[in-house]
Amino acid sequence: DHGLGLHSLYGHLSNIDVKTGDTVEKGQTLGQSGQTGLAGGDHLHFAILLGGIALGAAFILWERRRRASSAETVRIERRPVTVALFVGLVIAIAQIVPMSQLPLYFGVGMNYGSIFGILALAPLFAALVVAGPVAGYLLARFRPRILITGGMLAIGLGDLLVAALIGPTTSYVAFIVPLMLIGAGFVIATTVRTAIIFASVPRGLPATAAALNEASIEVGTRAGIVVITGILAEVAI
């Protein structure tokens, strides 16, 4: 646990030399590689996770930048970070509105009840899970700008379709594709913008990168809640 939701994972160890609660120092031995679990041979499965999500895409983008310049930088690249933070703000707003309001619509408006109203978001949650590995695959083959734009367009299109479909005669099946667009678009745009932030901040400042990444999503989420609450209050009055 590196703090601020950042964790490193070491899998298939044959022996672990630390225990829960230990403070690990730089250069300290954590354990020995092995072939425990479903490993087919002696090796180490290493991963970096932020908020429980693997950040393989961040290292792909970082490797690109490292090869492009061998000189060590000690400054944050403001332009890409600013763009990534703005994107995080926008997509957080675009995602939180349907995630917070659609369970109410399905539960009350379509008479599904509270539990099935939440379960009705299953296509969105499934897209969130599946789109993670896909985003890493795409990042190795397409420019980050293209993927972020595509992710934002997918979320926007999904939101527009949901808004157009809401009505007493609309079948639930019609919501499946829009929900998948919202979930997949959010993950792809978020994965790539997270990679941009970590690649644009010096390697010695991982906590700064994690804080910047988390801040834009948190602010966007809260802004989305405020916006939709204000709209609903205005309509109700």
# chains A, B, ... in the order shown; residues from 1 in each chain; ligands from 1
call {"tool": "closest_atom_pairs", "arguments": {"of": "region 155-195 of chain A", "to": "region 119-123 of chain A", "cutoff": "9 Å", "atoms": "only C-alpha atoms", "output": "CSV"}}
result
residue,atom,partner,partner_atom,distance
A:Tyr172,CA,A:Ala120,CA,8.3
A:Phe175,CA,A:Pro123,CA,8.8
A:Ile176,CA,A:Pro123,CA,5.9
A:Val177,CA,A:Pro123,CA,7.8
A:Pro178,CA,A:Pro123,CA,8.9
A:Leu179,CA,A:Pro123,CA,5.9
A:Met180,CA,A:Pro123,CA,5.4
A:Gly183,CA,A:Pro123,CA,7.9
call {"tool": "write_last_selection", "arguments": {"atoms": "N, CA, C and O atoms", "output": "PDB file, in the first residue's frame"}}
result
ATOM      1  N   TYR A 172     -37.016  -2.201 -21.609  1.00  0.00           N
ATOM      2  CA  TYR A 172     -35.691  -2.199 -20.980  1.00  0.00           C
ATOM      3  C   TYR A 172     -34.595  -2.565 -21.975  1.00  0.00           C
ATOM      4  O   TYR A 172     -33.474  -2.040 -21.899  1.00  0.00           O
ATOM      5  N   PHE A 175     -32.369   0.019 -23.524  1.00  0.00           N
ATOM      6  CA  PHE A 175     -31.365   0.716 -22.714  1.00  0.00           C
ATOM      7  C   PHE A 175     -30.025  -0.021 -22.671  1.00  0.00           C
ATOM      8  O   PHE A 175     -29.029   0.538 -22.207  1.00  0.00           O
ATOM      9  N   ILE A 176     -29.977  -1.258 -23.131  1.00  0.00           N
ATOM     10  CA  ILE A 176     -28.765  -2.066 -22.969  1.00  0.00           C
ATOM     11  C   ILE A 176     -27.567  -1.450 -23.691  1.00  0.00           C
ATOM     12  O   ILE A 176     -26.488  -1.262 -23.104  1.00  0.00           O
ATOM     13  N   VAL A 177     -27.725  -1.127 -24.963  1.00  0.00           N
ATOM     14  CA  VAL A 177     -26.605  -0.561 -25.729  1.00  0.00           C
ATOM     15  C   VAL A 177     -26.159   0.789 -25.180  1.00  0.00           C
ATOM     16  O   VAL A 177     -24.954   1.021 -24.992  1.00  0.00           O
ATOM     17  N   PRO A 178     -27.082   1.734 -24.879  1.00  0.00           N
ATOM     18  CA  PRO A 178     -26.644   3.004 -24.290  1.00  0.00           C
ATOM     19  C   PRO A 178     -25.880   2.826 -22.982  1.00  0.00           C
ATOM     20  O   PRO A 178     -24.882   3.512 -22.747  1.00  0.00           O
ATOM     21  N   LEU A 179     -26.321   1.894 -22.134  1.00  0.00           N
ATOM     22  CA  LEU A 179     -25.628   1.647 -20.875  1.00  0.00           C
ATOM     23  C   LEU A 179     -24.220   1.108 -21.128  1.00  0.00           C
ATOM     24  O   LEU A 179     -23.259   1.488 -20.442  1.00  0.00           O
ATOM     25  N   MET A 180     -24.085   0.229 -22.101  1.00  0.00           N
ATOM     26  CA  MET A 180     -22.764  -0.314 -22.433  1.00  0.00           C
ATOM     27  C   MET A 180     -21.857   0.771 -22.994  1.00  0.00           C
ATOM     28  O   MET A 180     -20.645   0.798 -22.714  1.00  0.00           O
ATOM     29  N   GLY A 183     -20.584   2.842 -19.972  1.00  0.00           N
ATOM     30  CA  GLY A 183     -19.580   2.128 -19.193  1.00  0.00           C
ATOM     31  C   GLY A 183     -18.259   1.984 -19.922  1.00  0.00           C
ATOM     32  O   GLY A 183     -17.194   2.274 -19.375  1.00  0.00           O
TER      33      GLY A 183
END
call {"tool": "residues_around", "arguments": {"residues": "Leu181 (chain A)", "least_positions_apart": "2", "cutoff": "9 Å", "atoms": "only C-alpha atoms", "output": "PyMOL selection string"}}
result
chain A and resi 124+127+151+154-159+176-179+183-186
call {"tool": "write_last_selection", "arguments": {"atoms": "N, CA, C and O atoms", "output": "compact mmCIF listing (two decimals), in the first residue's frame"}}
result
# COMPACT_ATOMS: atom_id res chain seq x y z
N LEU A 124 -24.04 -1.72 -17.93
CA LEU A 124 -23.04 -0.68 -17.67
C LEU A 124 -21.87 -1.26 -16.87
O LEU A 124 -20.70 -1.04 -17.20
N ALA A 127 -19.71 -3.57 -18.95
CA ALA A 127 -18.84 -2.81 -19.85
C ALA A 127 -17.66 -2.22 -19.09
O ALA A 127 -16.55 -2.16 -19.61
N GLY A 151 -13.75 7.73 -26.27
CA GLY A 151 -14.40 7.42 -25.00
C GLY A 151 -15.43 8.48 -24.61
O GLY A 151 -16.53 8.16 -24.18
N ALA A 154 -18.47 8.19 -26.81
CA ALA A 154 -19.29 7.04 -26.43
C ALA A 154 -20.17 7.37 -25.22
O ALA A 154 -21.36 7.05 -25.19
N ILE A 155 -19.57 8.03 -24.22
CA ILE A 155 -20.36 8.42 -23.03
C ILE A 155 -21.45 9.41 -23.42
O ILE A 155 -22.61 9.28 -23.01
N GLY A 156 -21.07 10.42 -24.22
CA GLY A 156 -22.06 11.42 -24.63
C GLY A 156 -23.20 10.83 -25.42
O GLY A 156 -24.38 11.15 -25.18
N LEU A 157 -22.87 9.93 -26.37
CA LEU A 157 -23.91 9.28 -27.16
C LEU A 157 -24.80 8.42 -26.28
O LEU A 157 -26.04 8.41 -26.44
N GLY A 158 -24.19 7.69 -25.34
CA GLY A 158 -24.98 6.87 -24.43
C GLY A 158 -25.93 7.71 -23.60
O GLY A 158 -27.10 7.35 -23.43
N ASP A 159 -25.44 8.84 -23.08
CA ASP A 159 -26.30 9.73 -22.29
C ASP A 159 -27.47 10.27 -23.12
O ASP A 159 -28.62 10.34 -22.65
N ILE A 176 -29.98 -1.26 -23.13
CA ILE A 176 -28.76 -2.07 -22.97
C ILE A 176 -27.57 -1.45 -23.69
O ILE A 176 -26.49 -1.26 -23.10
N VAL A 177 -27.73 -1.13 -24.96
CA VAL A 177 -26.61 -0.56 -25.73
C VAL A 177 -26.16 0.79 -25.18
O VAL A 177 -24.95 1.02 -24.99
N PRO A 178 -27.08 1.73 -24.88
CA PRO A 178 -26.64 3.00 -24.29
C PRO A 178 -25.88 2.83 -22.98
O PRO A 178 -24.88 3.51 -22.75
N LEU A 179 -26.32 1.89 -22.13
CA LEU A 179 -25.63 1.65 -20.87
C LEU A 179 -24.22 1.11 -21.13
O LEU A 179 -23.26 1.49 -20.44
N GLY A 183 -20.58 2.84 -19.97
CA GLY A 183 -19.58 2.13 -19.19
C GLY A 183 -18.26 1.98 -19.92
O GLY A 183 -17.19 2.27 -19.38
N ALA A 184 -18.31 1.55 -21.18
CA ALA A 184 -17.09 1.34 -21.96
C ALA A 184 -16.39 2.67 -22.22
O ALA A 184 -15.15 2.77 -22.11
N GLY A 185 -17.15 3.70 -22.58
CA GLY A 185 -16.55 5.00 -22.85
C GLY A 185 -15.86 5.57 -21.63
O GLY A 185 -14.77 6.14 -21.72
N PHE A 186 -16.48 5.40 -20.45
CA PHE A 186 -15.89 5.91 -19.22
C PHE A 186 -14.56 5.23 -18.93
O PHE A 186 -13.56 5.89 -18.61
call {"tool": "atom_distance", "arguments": {"atom1": "CA of Ala199 (chain A)", "atom2": "CA of Ala84 (chain A)"}}
result
11.2 Å
call {"tool": "residues_around", "arguments": {"residues": "region 205-212 of chain A", "least_positions_apart": "3", "cutoff": "9 Å", "atoms": "only C-alpha atoms", "output": "list in words"}}
result
His2, Gly3, Leu4, Gly5, Leu6, Leu50, Val81, Leu85, Thr194, Ile197, Phe198, Ala199, Ser200, Val201, Pro202, Ala215 and Ser216 of chain A
call {"tool": "select_by_dssp", "arguments": {"residues": "region 16-234 of chain A", "states": "alpha helix (DSSP H)", "output": "PyMOL selection string"}}
result
chain A and resi 56-68+78-104+113-119+122-139+144-165+176-200+206-234
call {"tool": "closest_residue", "arguments": {"among": "A:Ile196, A:Thr36, A:Ile91, A:Asn111", "to": "Glu77 (chain A)", "atoms": "only C-alpha atoms"}}
result
A:Ile196
call {"tool": "atom_distance", "arguments": {"atom1": "CA of Ile146 (chain A)", "atom2": "CA of Thr82 (chain A)"}}
result
16.9 Å
call {"tool": "closest_residue", "arguments": {"among": "A:Glu214, A:Phe116, A:Ala135, A:Pro98", "to": "Ala163 (chain A)", "atoms": "only C-alpha atoms"}}
result
A:Pro98
call {"tool": "atom_distance", "arguments": {"atom1": "CA of Ser100 (chain A)", "atom2": "CA of Glu218 (chain A)"}}
result
14.6 Å
call {"tool": "closest_residue", "arguments": {"among": "A:Ile115, A:Gln101, A:Val134, A:Lys19", "to": "Ile225 (chain A)", "atoms": "only C-alpha atoms"}}
result
A:Gln101
call {"tool": "closest_residue", "arguments": {"among": "A:Val24, A:Ser33, A:Val97, A:Tyr10", "to": "Gly230 (chain A)", "atoms": "only C-alpha atoms"}}
result
A:Val97
